Amino acid sequence: MQRIQTELARVMKDKIRTEGPMTFRDFMSASLFHETYGFYTKAPSIGSPVGPFDTNAKFTAFGFAVAEAITQAAKVIGGSIRVLELGGGTGQLGACIVSCLSIPHEYVVLETSSGLRAIQAEKGLKVVETLQDLMPAPTVVFGNEVLDAFPVHRVMGMGDEGVRELFVELDEDGEFCERPGAVSNQKLLQRLQEEHIHLGRGHIAELCLEITPFLQGLERVVKPGYIIFVDYGDKASNIYSYHHRNGTLRSYYQQQQIHDPFFAVGQQDLTADVNFTAVISESTSLGLEFAGWTSQGAWLKNLGIRNWVERGEDFYSRQREVDVLTGAASLGSTFDVLMFKTPGLPDGPGLHARS
Ligand SMILES: C[S@@+](CC[C@H](N)C(=O)[O-])C[C@H]1O[C@@H](n2cnc3c(N)ncnc32)[C@H](O)[C@@H]1O
């Protein structure tokens with residue numbers, strides 16, 4: 001398919017012409033968060049009901065179950081709590097969760113995109129741009145599909161030459177292309193080493209270094225509390241296995257999955273599987289405790305999502321929502337739930353079936 005020459009593509013090409021090749025991480029960061037033309041900056045209609053991709057956020061049943069998790073966590077923490085939603089998207093999920101909560105709480109959304117912050121505020125949500133705006137407090141953090149939007153470096157196995165990083169530059173026709181160069185940050189090699197990942201010749205892997213400072217920021221403000229991530233990902237040995245030798249980077253343009261990250265720069269979403277091994281090891285090294293990991297389907301069932309079906313008259317449409325969210329052939333197994341807690345708290349909500 002012919003690439004679309006977007007405004008952001010023009011801006012990025014000019015930058016490469018004047019400053020030279022850039023890491024894929026910097027390219028992805030600009031594609032998603034450029035101050036004017038970034039995909040998220042322009043406030044896309046994430047989770048739109050049109051198109052083949054279901055997302056959790058558009059289902060009321062999901063908000064109901066997350067509110068139940070927050071309520072259970074709040075009871076354990078005691079007193080009034082802060083709920084911190086990470087990357088609130090269109091604010092639909094946040095508004096839904098707030099409408100289901102009957103505990104004393106303050107609801108805050110952390111959002112990078114200025115366009116999405118405005119839409120979330122219109123929905124009545126309190127929004128902050130950075131974790132620096134928050135003081136330490138009893139908190140339940142919840143993030144649905146946020147870590148998968150963090151910019152990633154791309155590295156490639158080069159046989160005897162070791163590992164190289166992929167940089168974005170321009171080919172002889174002035175089009176974006178990727179070329180290997182020396183790694184921009186030794187932490188990339190360190191991460192591969194720590195996780196015992198060997199990349200064979202031509203094997204590409206995405207690595208996210210952003211999670212470390214992000215988790216540090218969360219650890220500072222969650223005193224005490226729980227941190228709950230819902231995302232697609234896996235342990236490092238699976239994500240970086242030969243099965244994913246071209247990496248897990250993918251892209252969505254107008255609700256269609258496409259493979260070219262340069263197809264419509266700034267108009268397409270870019271995302272990669274989350275390395276849960278790295279999230280767990282970084283969190284625990286900060287002093288957080290790993291509370292557990294389960295499939296979304298099991299988590300929602302343990303939280304009693306089926307109660308939501310019985311609370312309305314539109315039984316069949318409610319049942320369908322629950323089936324999509326929990327089914328092994330749909331979102332129930334697409335997404336996993338990773339949970340962390342500050343020391344001393346019991347295991348988090350929904351990790352175990354209630355007897
Ligand atoms: C894939 S969307 C998911 C949105 C929403 N949670 C949902 O489920 O529909 C990713 C969201 O995370 C936000 N985001 C990405 N990186 C972020 C960061 N470092 N801090 C806060 N928000 C971030 C994006 O702007 C966007 O709102």
# chains A, B, ... in the order shown; residues from 1 in each chain; ligands from 1
$ select_by_dssp --residues "segment 174-208 of chain A" --states "alpha helix (DSSP H)" --output "list in words"
Gln186, Lys187, Leu188, Leu189, Gln190, Arg191, Leu192, Gln193 and Glu194 of chain A
$ closest_atom_pairs --of "chain A" --to "ligand 1" --cutoff "7 Å" --atoms "only C-alpha atoms and all ligand atoms" --output "tab-separated table"
residue	atom	partner	partner_atom_place_in_ligand_line	distance
A:Tyr40	CA	ligand 1	25 (O)	5.1
A:Ile46	CA	ligand 1	9 (O)	5.6
A:Gly47	CA	ligand 1	9 (O)	5.8
A:Thr55	CA	ligand 1	8 (O)	6.7
A:Asn56	CA	ligand 1	8 (O)	6.2
A:Ala57	CA	ligand 1	8 (O)	4.6
A:Leu86	CA	ligand 1	21 (C)	5.4
A:Gly87	CA	ligand 1	12 (O)	3.4
A:Gly88	CA	ligand 1	6 (N)	4.5
A:Gly89	CA	ligand 1	27 (O)	3.5
A:Thr90	CA	ligand 1	9 (O)	6.5
A:Leu93	CA	ligand 1	7 (C)	6.8
A:Leu110	CA	ligand 1	21 (C)	5.1
A:Glu111	CA	ligand 1	22 (N)	3.9
A:Thr112	CA	ligand 1	22 (N)	4.5
A:Ser113	CA	ligand 1	25 (O)	4.7
A:Leu116	CA	ligand 1	27 (O)	6.4
A:Gly143	CA	ligand 1	6 (N)	6.1
A:Asn144	CA	ligand 1	6 (N)	4.4
A:Glu145	CA	ligand 1	3 (C)	4.8
A:Val146	CA	ligand 1	12 (O)	4.3
A:Leu147	CA	ligand 1	16 (N)	6.8
A:Asp148	CA	ligand 1	1 (C)	6.9
A:Ala149	CA	ligand 1	15 (C)	5.2
A:Phe150	CA	ligand 1	16 (N)	5.3
A:Phe214	CA	ligand 1	19 (N)	6.9
$ select_by_dssp --residues "segment 168-330 of chain A" --states "strand (DSSP E or B)" --output "PyMOL selection string"
chain A and resi 168-170+176-181+204-207+222-231+233-234+246+250-253+256-258+269-271+274-275+289-295
$ residues_around --residues "Gly225 of chain A" --least-positions-apart "3" --cutoff "6 Å" --atoms "only C-alpha atoms" --output "MDAnalysis selection string"
chainID A and resid 138:140 222 341:342
$ write_last_selection --atoms "all heavy atoms" --output "short mmCIF file (atom, residue, chain, number, x, y, z; two decimals), in the first residue's frame"
data_model
loop_
_atom_site.label_atom_id
_atom_site.label_comp_id
_atom_site.auth_asym_id
_atom_site.auth_seq_id
_atom_site.Cartn_x
_atom_site.Cartn_y
_atom_site.Cartn_z
N PRO A 138 -2.80 7.05 50.07
CA PRO A 138 -3.37 5.71 49.85
C PRO A 138 -4.04 5.69 48.46
O PRO A 138 -4.90 6.53 48.19
CB PRO A 138 -4.41 5.58 50.97
CG PRO A 138 -3.96 6.55 52.02
CD PRO A 138 -3.35 7.69 51.29
N THR A 139 -3.60 4.77 47.63
CA THR A 139 -3.98 4.85 46.21
C THR A 139 -4.22 3.47 45.60
O THR A 139 -3.47 2.53 45.88
CB THR A 139 -2.85 5.54 45.39
OG1 THR A 139 -2.54 6.79 45.99
CG2 THR A 139 -3.25 5.75 43.94
N VAL A 140 -5.23 3.38 44.74
CA VAL A 140 -5.36 2.21 43.87
C VAL A 140 -5.11 2.72 42.45
O VAL A 140 -5.83 3.59 41.95
CB VAL A 140 -6.76 1.57 43.95
CG1 VAL A 140 -6.86 0.39 42.99
CG2 VAL A 140 -7.06 1.12 45.38
N VAL A 222 2.15 5.90 45.61
CA VAL A 222 1.24 4.88 46.14
C VAL A 222 1.69 4.51 47.55
O VAL A 222 2.60 3.72 47.74
CB VAL A 222 1.21 3.64 45.22
CG1 VAL A 222 0.32 2.56 45.80
CG2 VAL A 222 0.73 4.02 43.83
N LYS A 341 1.56 -4.55 44.97
CA LYS A 341 1.05 -3.94 46.21
C LYS A 341 2.23 -3.44 47.02
O LYS A 341 3.36 -3.90 46.85
CB LYS A 341 0.24 -4.96 47.00
CG LYS A 341 1.02 -6.18 47.44
CD LYS A 341 0.08 -7.23 48.01
CE LYS A 341 0.80 -8.49 48.45
NZ LYS A 341 1.57 -8.38 49.67
N THR A 342 1.90 -2.50 47.90
CA THR A 342 2.95 -2.05 48.82
C THR A 342 3.04 -3.10 49.93
O THR A 342 2.05 -3.79 50.24
CB THR A 342 2.62 -0.65 49.38
OG1 THR A 342 1.29 -0.66 49.91
CG2 THR A 342 2.73 0.41 48.31
#
$ residues_around --residues "Tyr226 of chain A" --least-positions-apart "4" --cutoff "10 Å" --atoms "only C-alpha atoms" --output "list in words"
Ile70, Ala73, Ala74, Ile77, Val83, Pro138, Thr139, Val140, Val141, Phe142, Glu219, Val222, Leu288, Glu289, Phe290, Ala291, Met339, Phe340, Lys341, Thr342, Pro343, Leu345, Pro346, Asp347, Gly348 and Pro349 of chain A
$ write_last_selection --atoms "N, CA and C atoms" --output "PDB file, in the first residue's frame"
ATOM      1  N   ILE A  70     -11.628  -2.004  42.756  1.00  0.00           N
ATOM      2  CA  ILE A  70     -11.191  -0.820  43.513  1.00  0.00           C
ATOM      3  C   ILE A  70     -11.862  -0.813  44.892  1.00  0.00           C
ATOM      4  N   ALA A  73     -10.205  -3.326  47.128  1.00  0.00           N
ATOM      5  CA  ALA A  73      -8.874  -2.847  47.538  1.00  0.00           C
ATOM      6  C   ALA A  73      -9.010  -1.745  48.576  1.00  0.00           C
ATOM      7  N   ALA A  74      -9.971  -0.853  48.370  1.00  0.00           N
ATOM      8  CA  ALA A  74     -10.159   0.278  49.291  1.00  0.00           C
ATOM      9  C   ALA A  74     -10.530  -0.211  50.684  1.00  0.00           C
ATOM     10  N   ILE A  77      -7.375  -1.268  52.348  1.00  0.00           N
ATOM     11  CA  ILE A  77      -6.490  -0.137  52.683  1.00  0.00           C
ATOM     12  C   ILE A  77      -7.097   0.667  53.838  1.00  0.00           C
ATOM     13  N   VAL A  83      -8.096   7.047  43.587  1.00  0.00           N
ATOM     14  CA  VAL A  83      -8.028   6.117  42.460  1.00  0.00           C
ATOM     15  C   VAL A  83      -7.265   6.853  41.371  1.00  0.00           C
ATOM     16  N   PRO A 138      -2.802   7.049  50.072  1.00  0.00           N
ATOM     17  CA  PRO A 138      -3.369   5.714  49.846  1.00  0.00           C
ATOM     18  C   PRO A 138      -4.040   5.691  48.460  1.00  0.00           C
ATOM     19  N   THR A 139      -3.599   4.766  47.627  1.00  0.00           N
ATOM     20  CA  THR A 139      -3.985   4.852  46.206  1.00  0.00           C
ATOM     21  C   THR A 139      -4.221   3.469  45.598  1.00  0.00           C
ATOM     22  N   VAL A 140      -5.229   3.379  44.745  1.00  0.00           N
ATOM     23  CA  VAL A 140      -5.361   2.211  43.870  1.00  0.00           C
ATOM     24  C   VAL A 140      -5.114   2.716  42.451  1.00  0.00           C
ATOM     25  N   VAL A 141      -4.062   2.194  41.833  1.00  0.00           N
ATOM     26  CA  VAL A 141      -3.714   2.591  40.467  1.00  0.00           C
ATOM     27  C   VAL A 141      -4.290   1.567  39.511  1.00  0.00           C
ATOM     28  N   PHE A 142      -4.868   2.073  38.419  1.00  0.00           N
ATOM     29  CA  PHE A 142      -5.416   1.161  37.428  1.00  0.00           C
ATOM     30  C   PHE A 142      -5.046   1.666  36.035  1.00  0.00           C
ATOM     31  N   GLU A 219       5.632   4.266  42.391  1.00  0.00           N
ATOM     32  CA  GLU A 219       6.017   3.789  43.730  1.00  0.00           C
ATOM     33  C   GLU A 219       6.058   4.958  44.710  1.00  0.00           C
ATOM     34  N   VAL A 222       2.153   5.899  45.606  1.00  0.00           N
ATOM     35  CA  VAL A 222       1.237   4.882  46.139  1.00  0.00           C
ATOM     36  C   VAL A 222       1.693   4.507  47.551  1.00  0.00           C
ATOM     37  N   LEU A 288       8.227  -2.733  45.663  1.00  0.00           N
ATOM     38  CA  LEU A 288       6.824  -3.146  45.568  1.00  0.00           C
ATOM     39  C   LEU A 288       6.774  -4.676  45.628  1.00  0.00           C
ATOM     40  N   GLU A 289       5.644  -5.219  46.047  1.00  0.00           N
ATOM     41  CA  GLU A 289       5.503  -6.676  46.043  1.00  0.00           C
ATOM     42  C   GLU A 289       4.654  -7.095  44.859  1.00  0.00           C
ATOM     43  N   PHE A 290       5.060  -8.169  44.226  1.00  0.00           N
ATOM     44  CA  PHE A 290       4.281  -8.716  43.110  1.00  0.00           C
ATOM     45  C   PHE A 290       3.096  -9.470  43.709  1.00  0.00           C
ATOM     46  N   ALA A 291       1.871  -8.999  43.402  1.00  0.00           N
ATOM     47  CA  ALA A 291       0.684  -9.628  44.010  1.00  0.00           C
ATOM     48  C   ALA A 291       0.159 -10.778  43.162  1.00  0.00           C
ATOM     49  N   MET A 339      -0.615  -7.456  38.961  1.00  0.00           N
ATOM     50  CA  MET A 339      -0.936  -6.647  40.131  1.00  0.00           C
ATOM     51  C   MET A 339       0.253  -6.553  41.090  1.00  0.00           C
ATOM     52  N   PHE A 340       0.430  -5.349  41.634  1.00  0.00           N
ATOM     53  CA  PHE A 340       1.489  -5.097  42.609  1.00  0.00           C
ATOM     54  C   PHE A 340       0.876  -4.436  43.839  1.00  0.00           C
ATOM     55  N   LYS A 341       1.563  -4.547  44.966  1.00  0.00           N
ATOM     56  CA  LYS A 341       1.055  -3.938  46.205  1.00  0.00           C
ATOM     57  C   LYS A 341       2.226  -3.435  47.024  1.00  0.00           C
ATOM     58  N   THR A 342       1.902  -2.500  47.898  1.00  0.00           N
ATOM     59  CA  THR A 342       2.948  -2.050  48.824  1.00  0.00           C
ATOM     60  C   THR A 342       3.040  -3.105  49.934  1.00  0.00           C
ATOM     61  N   PRO A 343       4.221  -3.249  50.547  1.00  0.00           N
ATOM     62  CA  PRO A 343       4.415  -4.318  51.533  1.00  0.00           C
ATOM     63  C   PRO A 343       3.398  -4.238  52.673  1.00  0.00           C
ATOM     64  N   LEU A 345       0.224  -5.322  52.622  1.00  0.00           N
ATOM     65  CA  LEU A 345      -1.171  -5.505  52.208  1.00  0.00           C
ATOM     66  C   LEU A 345      -1.386  -6.951  51.768  1.00  0.00           C
ATOM     67  N   PRO A 346      -2.615  -7.465  51.915  1.00  0.00           N
ATOM     68  CA  PRO A 346      -2.870  -8.827  51.425  1.00  0.00           C
ATOM     69  C   PRO A 346      -2.938  -8.858  49.905  1.00  0.00           C
ATOM     70  N   ASP A 347      -2.982 -10.051  49.338  1.00  0.00           N
ATOM     71  CA  ASP A 347      -3.071 -10.201  47.878  1.00  0.00           C
ATOM     72  C   ASP A 347      -4.234  -9.390  47.338  1.00  0.00           C
ATOM     73  N   GLY A 348      -4.095  -8.933  46.117  1.00  0.00           N
ATOM     74  CA  GLY A 348      -5.057  -7.979  45.575  1.00  0.00           C
ATOM     75  C   GLY A 348      -6.381  -8.584  45.146  1.00  0.00           C
ATOM     76  N   PRO A 349      -7.335  -7.723  44.833  1.00  0.00           N
ATOM     77  CA  PRO A 349      -8.685  -8.144  44.475  1.00  0.00           C
ATOM     78  C   PRO A 349      -8.755  -8.907  43.146  1.00  0.00           C
TER      79      PRO A 349
END
$ closest_atom_pairs --of "segment 214-310 of chain A" --to "segment 177-185 of chain A" --cutoff "12 Å" --atoms "only C-alpha atoms" --output "tab-separated table"
residue	atom	partner	partner_atom	distance
A:Asp260	CA	A:Cys177	CA	10.2
A:Pro261	CA	A:Cys177	CA	9.8
A:Phe262	CA	A:Cys177	CA	8.2
A:Phe263	CA	A:Cys177	CA	11.2
$ residues_around --residues "Leu32 of chain A" --least-positions-apart "3" --cutoff "12 Å" --atoms "only C-alpha atoms" --output "mmCIF file with C-alpha atoms, in the first residue's frame"
data_model
loop_
_atom_site.group_PDB
_atom_site.id
_atom_site.type_symbol
_atom_site.label_atom_id
_atom_site.label_comp_id
_atom_site.auth_asym_id
_atom_site.auth_seq_id
_atom_site.Cartn_x
_atom_site.Cartn_y
_atom_site.Cartn_z
ATOM 1 C CA LEU A 8 4.047 14.632 10.790
ATOM 2 C CA ARG A 25 11.943 4.808 20.176
ATOM 3 C CA ASP A 26 12.187 8.526 19.352
ATOM 4 C CA PHE A 27 10.265 8.003 16.123
ATOM 5 C CA MET A 28 7.480 6.121 17.947
ATOM 6 C CA SER A 29 7.342 8.716 20.701
ATOM 7 C CA GLU A 35 2.924 18.166 20.500
ATOM 8 C CA THR A 36 0.767 18.968 17.456
ATOM 9 C CA TYR A 37 0.523 15.989 15.142
ATOM 10 C CA GLY A 38 0.946 12.946 17.440
ATOM 11 C CA PHE A 39 -1.650 10.198 17.140
ATOM 12 C CA TYR A 40 -2.735 10.502 20.793
ATOM 13 C CA THR A 41 -2.261 14.276 20.934
ATOM 14 C CA LYS A 42 -5.019 14.633 18.347
ATOM 15 C CA ALA A 43 -7.395 12.701 20.619
ATOM 16 C CA PRO A 44 -8.378 9.702 18.511
ATOM 17 C CA THR A 112 0.120 12.475 28.518
ATOM 18 C CA SER A 113 -1.981 13.658 25.585
ATOM 19 C CA SER A 114 -3.246 17.236 25.754
ATOM 20 C CA GLY A 115 -6.122 16.412 23.385
ATOM 21 C CA ASP A 148 1.613 -1.116 25.445
ATOM 22 C CA ALA A 149 1.623 2.496 24.226
ATOM 23 C CA PHE A 150 5.059 3.254 25.684
ATOM 24 C CA PRO A 151 7.680 3.898 22.989
ATOM 25 C CA VAL A 152 10.053 0.992 22.355
ATOM 26 C CA SER A 251 0.052 -0.706 14.019
ATOM 27 C CA TYR A 252 -3.585 0.243 13.576
ATOM 28 C CA PRO A 261 4.997 1.692 10.993
ATOM 29 C CA ALA A 264 0.519 7.169 7.907
ATOM 30 C CA VAL A 265 2.813 8.739 10.504
ATOM 31 C CA GLY A 266 0.797 10.398 13.270
ATOM 32 C CA GLN A 267 -2.461 8.936 12.002
ATOM 33 C CA GLN A 268 -1.733 5.353 12.992
ATOM 34 C CA ASP A 269 -1.450 3.791 16.433
ATOM 35 C CA LEU A 270 1.782 1.940 17.232
ATOM 36 C CA THR A 271 1.986 -0.647 19.979
#
$ residues_around --residues "segment 293-299 of chain A" --least-positions-apart "4" --cutoff "7 Å" --atoms "only C-alpha atoms" --output "list in words"
Leu303, Leu325, Thr326, Gly327, Gly332, Ser333, Phe335, Asp336, Val337, Leu338, Met339, Gly350 and Leu351 of chain A
$ write_last_selection --atoms "all heavy atoms" --output "PDB file, in the first residue's frame"
ATOM      1  N   LEU A 303     -14.064 -11.323  40.182  1.00  0.00           N
ATOM      2  CA  LEU A 303     -14.605 -10.076  40.749  1.00  0.00           C
ATOM      3  C   LEU A 303     -16.132 -10.059  40.752  1.00  0.00           C
ATOM      4  O   LEU A 303     -16.748  -9.132  41.256  1.00  0.00           O
ATOM      5  CB  LEU A 303     -14.085  -8.869  39.949  1.00  0.00           C
ATOM      6  CG  LEU A 303     -12.598  -8.540  40.147  1.00  0.00           C
ATOM      7  CD1 LEU A 303     -12.131  -7.519  39.101  1.00  0.00           C
ATOM      8  CD2 LEU A 303     -12.342  -8.010  41.556  1.00  0.00           C
ATOM      9  N   LEU A 325     -15.799 -10.023  27.172  1.00  0.00           N
ATOM     10  CA  LEU A 325     -14.738  -9.623  28.108  1.00  0.00           C
ATOM     11  C   LEU A 325     -14.040 -10.800  28.781  1.00  0.00           C
ATOM     12  O   LEU A 325     -12.870 -10.700  29.160  1.00  0.00           O
ATOM     13  CB  LEU A 325     -15.323  -8.707  29.199  1.00  0.00           C
ATOM     14  CG  LEU A 325     -15.694  -7.293  28.745  1.00  0.00           C
ATOM     15  CD1 LEU A 325     -16.602  -6.624  29.768  1.00  0.00           C
ATOM     16  CD2 LEU A 325     -14.430  -6.461  28.534  1.00  0.00           C
ATOM     17  N   THR A 326     -14.770 -11.910  28.943  1.00  0.00           N
ATOM     18  CA  THR A 326     -14.191 -13.026  29.701  1.00  0.00           C
ATOM     19  C   THR A 326     -13.856 -14.247  28.831  1.00  0.00           C
ATOM     20  O   THR A 326     -13.128 -15.130  29.286  1.00  0.00           O
ATOM     21  CB  THR A 326     -15.167 -13.507  30.813  1.00  0.00           C
ATOM     22  OG1 THR A 326     -16.382 -13.936  30.192  1.00  0.00           O
ATOM     23  CG2 THR A 326     -15.469 -12.412  31.813  1.00  0.00           C
ATOM     24  N   GLY A 327     -14.365 -14.291  27.617  1.00  0.00           N
ATOM     25  CA  GLY A 327     -14.228 -15.496  26.796  1.00  0.00           C
ATOM     26  C   GLY A 327     -12.784 -15.815  26.453  1.00  0.00           C
ATOM     27  O   GLY A 327     -11.973 -14.922  26.198  1.00  0.00           O
ATOM     28  N   GLY A 332     -10.963 -12.091  27.001  1.00  0.00           N
ATOM     29  CA  GLY A 332     -10.629 -12.783  28.247  1.00  0.00           C
ATOM     30  C   GLY A 332      -9.238 -13.370  28.241  1.00  0.00           C
ATOM     31  O   GLY A 332      -8.589 -13.490  29.292  1.00  0.00           O
ATOM     32  N   SER A 333      -8.738 -13.765  27.063  1.00  0.00           N
ATOM     33  CA  SER A 333      -7.373 -14.300  27.013  1.00  0.00           C
ATOM     34  C   SER A 333      -6.427 -13.373  26.259  1.00  0.00           C
ATOM     35  O   SER A 333      -5.209 -13.564  26.309  1.00  0.00           O
ATOM     36  CB  SER A 333      -7.357 -15.682  26.375  1.00  0.00           C
ATOM     37  OG  SER A 333      -7.726 -15.571  25.032  1.00  0.00           O
ATOM     38  N   PHE A 335      -6.017 -10.239  27.005  1.00  0.00           N
ATOM     39  CA  PHE A 335      -5.408  -9.391  28.032  1.00  0.00           C
ATOM     40  C   PHE A 335      -5.106 -10.181  29.294  1.00  0.00           C
ATOM     41  O   PHE A 335      -5.840 -11.107  29.639  1.00  0.00           O
ATOM     42  CB  PHE A 335      -6.341  -8.228  28.394  1.00  0.00           C
ATOM     43  CG  PHE A 335      -6.570  -7.276  27.254  1.00  0.00           C
ATOM     44  CD1 PHE A 335      -7.781  -7.235  26.593  1.00  0.00           C
ATOM     45  CD2 PHE A 335      -5.552  -6.429  26.831  1.00  0.00           C
ATOM     46  CE1 PHE A 335      -7.981  -6.358  25.531  1.00  0.00           C
ATOM     47  CE2 PHE A 335      -5.750  -5.549  25.777  1.00  0.00           C
ATOM     48  CZ  PHE A 335      -6.971  -5.516  25.129  1.00  0.00           C
ATOM     49  N   ASP A 336      -4.054  -9.729  29.987  1.00  0.00           N
ATOM     50  CA  ASP A 336      -3.717 -10.281  31.293  1.00  0.00           C
ATOM     51  C   ASP A 336      -3.746  -9.163  32.327  1.00  0.00           C
ATOM     52  O   ASP A 336      -3.699  -7.978  31.968  1.00  0.00           O
ATOM     53  CB  ASP A 336      -2.324 -10.919  31.275  1.00  0.00           C
ATOM     54  CG  ASP A 336      -2.345 -12.290  30.608  1.00  0.00           C
ATOM     55  OD1 ASP A 336      -3.378 -12.973  30.699  1.00  0.00           O
ATOM     56  OD2 ASP A 336      -1.341 -12.665  29.985  1.00  0.00           O
ATOM     57  N   VAL A 337      -3.817  -9.580  33.581  1.00  0.00           N
ATOM     58  CA  VAL A 337      -3.838  -8.618  34.688  1.00  0.00           C
ATOM     59  C   VAL A 337      -2.589  -8.861  35.531  1.00  0.00           C
ATOM     60  O   VAL A 337      -2.344  -9.986  35.972  1.00  0.00           O
ATOM     61  CB  VAL A 337      -5.105  -8.821  35.548  1.00  0.00           C
ATOM     62  CG1 VAL A 337      -5.109  -7.848  36.728  1.00  0.00           C
ATOM     63  CG2 VAL A 337      -6.354  -8.650  34.699  1.00  0.00           C
ATOM     64  N   LEU A 338      -1.808  -7.809  35.713  1.00  0.00           N
ATOM     65  CA  LEU A 338      -0.610  -7.872  36.576  1.00  0.00           C
ATOM     66  C   LEU A 338      -0.878  -6.969  37.758  1.00  0.00           C
ATOM     67  O   LEU A 338      -1.291  -5.830  37.561  1.00  0.00           O
ATOM     68  CB  LEU A 338       0.602  -7.293  35.851  1.00  0.00           C
ATOM     69  CG  LEU A 338       1.466  -8.129  34.947  1.00  0.00           C
ATOM     70  CD1 LEU A 338       2.783  -7.407  34.696  1.00  0.00           C
ATOM     71  CD2 LEU A 338       1.721  -9.501  35.499  1.00  0.00           C
ATOM     72  N   MET A 339      -0.615  -7.456  38.961  1.00  0.00           N
ATOM     73  CA  MET A 339      -0.936  -6.647  40.131  1.00  0.00           C
ATOM     74  C   MET A 339       0.253  -6.553  41.090  1.00  0.00           C
ATOM     75  O   MET A 339       0.957  -7.536  41.312  1.00  0.00           O
ATOM     76  CB  MET A 339      -2.132  -7.256  40.857  1.00  0.00           C
ATOM     77  CG  MET A 339      -2.915  -6.233  41.637  1.00  0.00           C
ATOM     78  SD  MET A 339      -4.380  -6.939  42.385  1.00  0.00           S
ATOM     79  CE  MET A 339      -5.351  -7.467  41.006  1.00  0.00           C
ATOM     80  N   GLY A 350      -9.524  -9.994  43.171  1.00  0.00           N
ATOM     81  CA  GLY A 350      -9.816 -10.718  41.932  1.00  0.00           C
ATOM     82  C   GLY A 350      -8.766 -11.726  41.519  1.00  0.00           C
ATOM     83  O   GLY A 350      -8.905 -12.391  40.498  1.00  0.00           O
ATOM     84  N   LEU A 351      -7.705 -11.856  42.308  1.00  0.00           N
ATOM     85  CA  LEU A 351      -6.646 -12.792  41.894  1.00  0.00           C
ATOM     86  C   LEU A 351      -7.030 -14.244  42.199  1.00  0.00           C
ATOM     87  O   LEU A 351      -6.523 -15.162  41.576  1.00  0.00           O
ATOM     88  CB  LEU A 351      -5.331 -12.441  42.584  1.00  0.00           C
ATOM     89  CG  LEU A 351      -4.676 -11.144  42.080  1.00  0.00           C
ATOM     90  CD1 LEU A 351      -3.431 -10.812  42.903  1.00  0.00           C
ATOM     91  CD2 LEU A 351      -4.311 -11.264  40.595  1.00  0.00           C
TER      92      LEU A 351
END
$ atom_distance --atom1 "atom CA of Arg201 of chain A" --atom2 "atom CA of Ser237 of chain A"
17.1 Å
$ closest_atom_pairs --of "segment 206-312 of chain A" --to "segment 155-162 of chain A" --cutoff "10 Å" --atoms "only C-alpha atoms" --output "CSV"
residue,atom,partner,partner_atom,distance
A:Glu206,CA,A:Val155,CA,6.4
A:Leu207,CA,A:Val155,CA,7.7
A:Arg245,CA,A:Met156,CA,9.3
A:Asn246,CA,A:Met156,CA,9.1
A:Gly247,CA,A:Val155,CA,9.2
$ write_last_selection --atoms "C-alpha atoms" --output "short mmCIF file (atom, residue, chain, number, x, y, z; two decimals), in the first residue's frame"
data_model
loop_
_atom_site.label_atom_id
_atom_site.label_comp_id
_atom_site.auth_asym_id
_atom_site.auth_seq_id
_atom_site.Cartn_x
_atom_site.Cartn_y
_atom_site.Cartn_z
CA GLU A 206 11.34 -4.40 21.03
CA LEU A 207 12.58 -3.16 24.41
CA ARG A 245 11.43 -13.19 15.39
CA ASN A 246 10.06 -10.06 13.65
CA GLY A 247 9.17 -8.51 17.00
#
$ atom_distance --atom1 "atom CA of Gln254 of chain A" --atom2 "atom CA of Asp54 of chain A"
13.5 Å
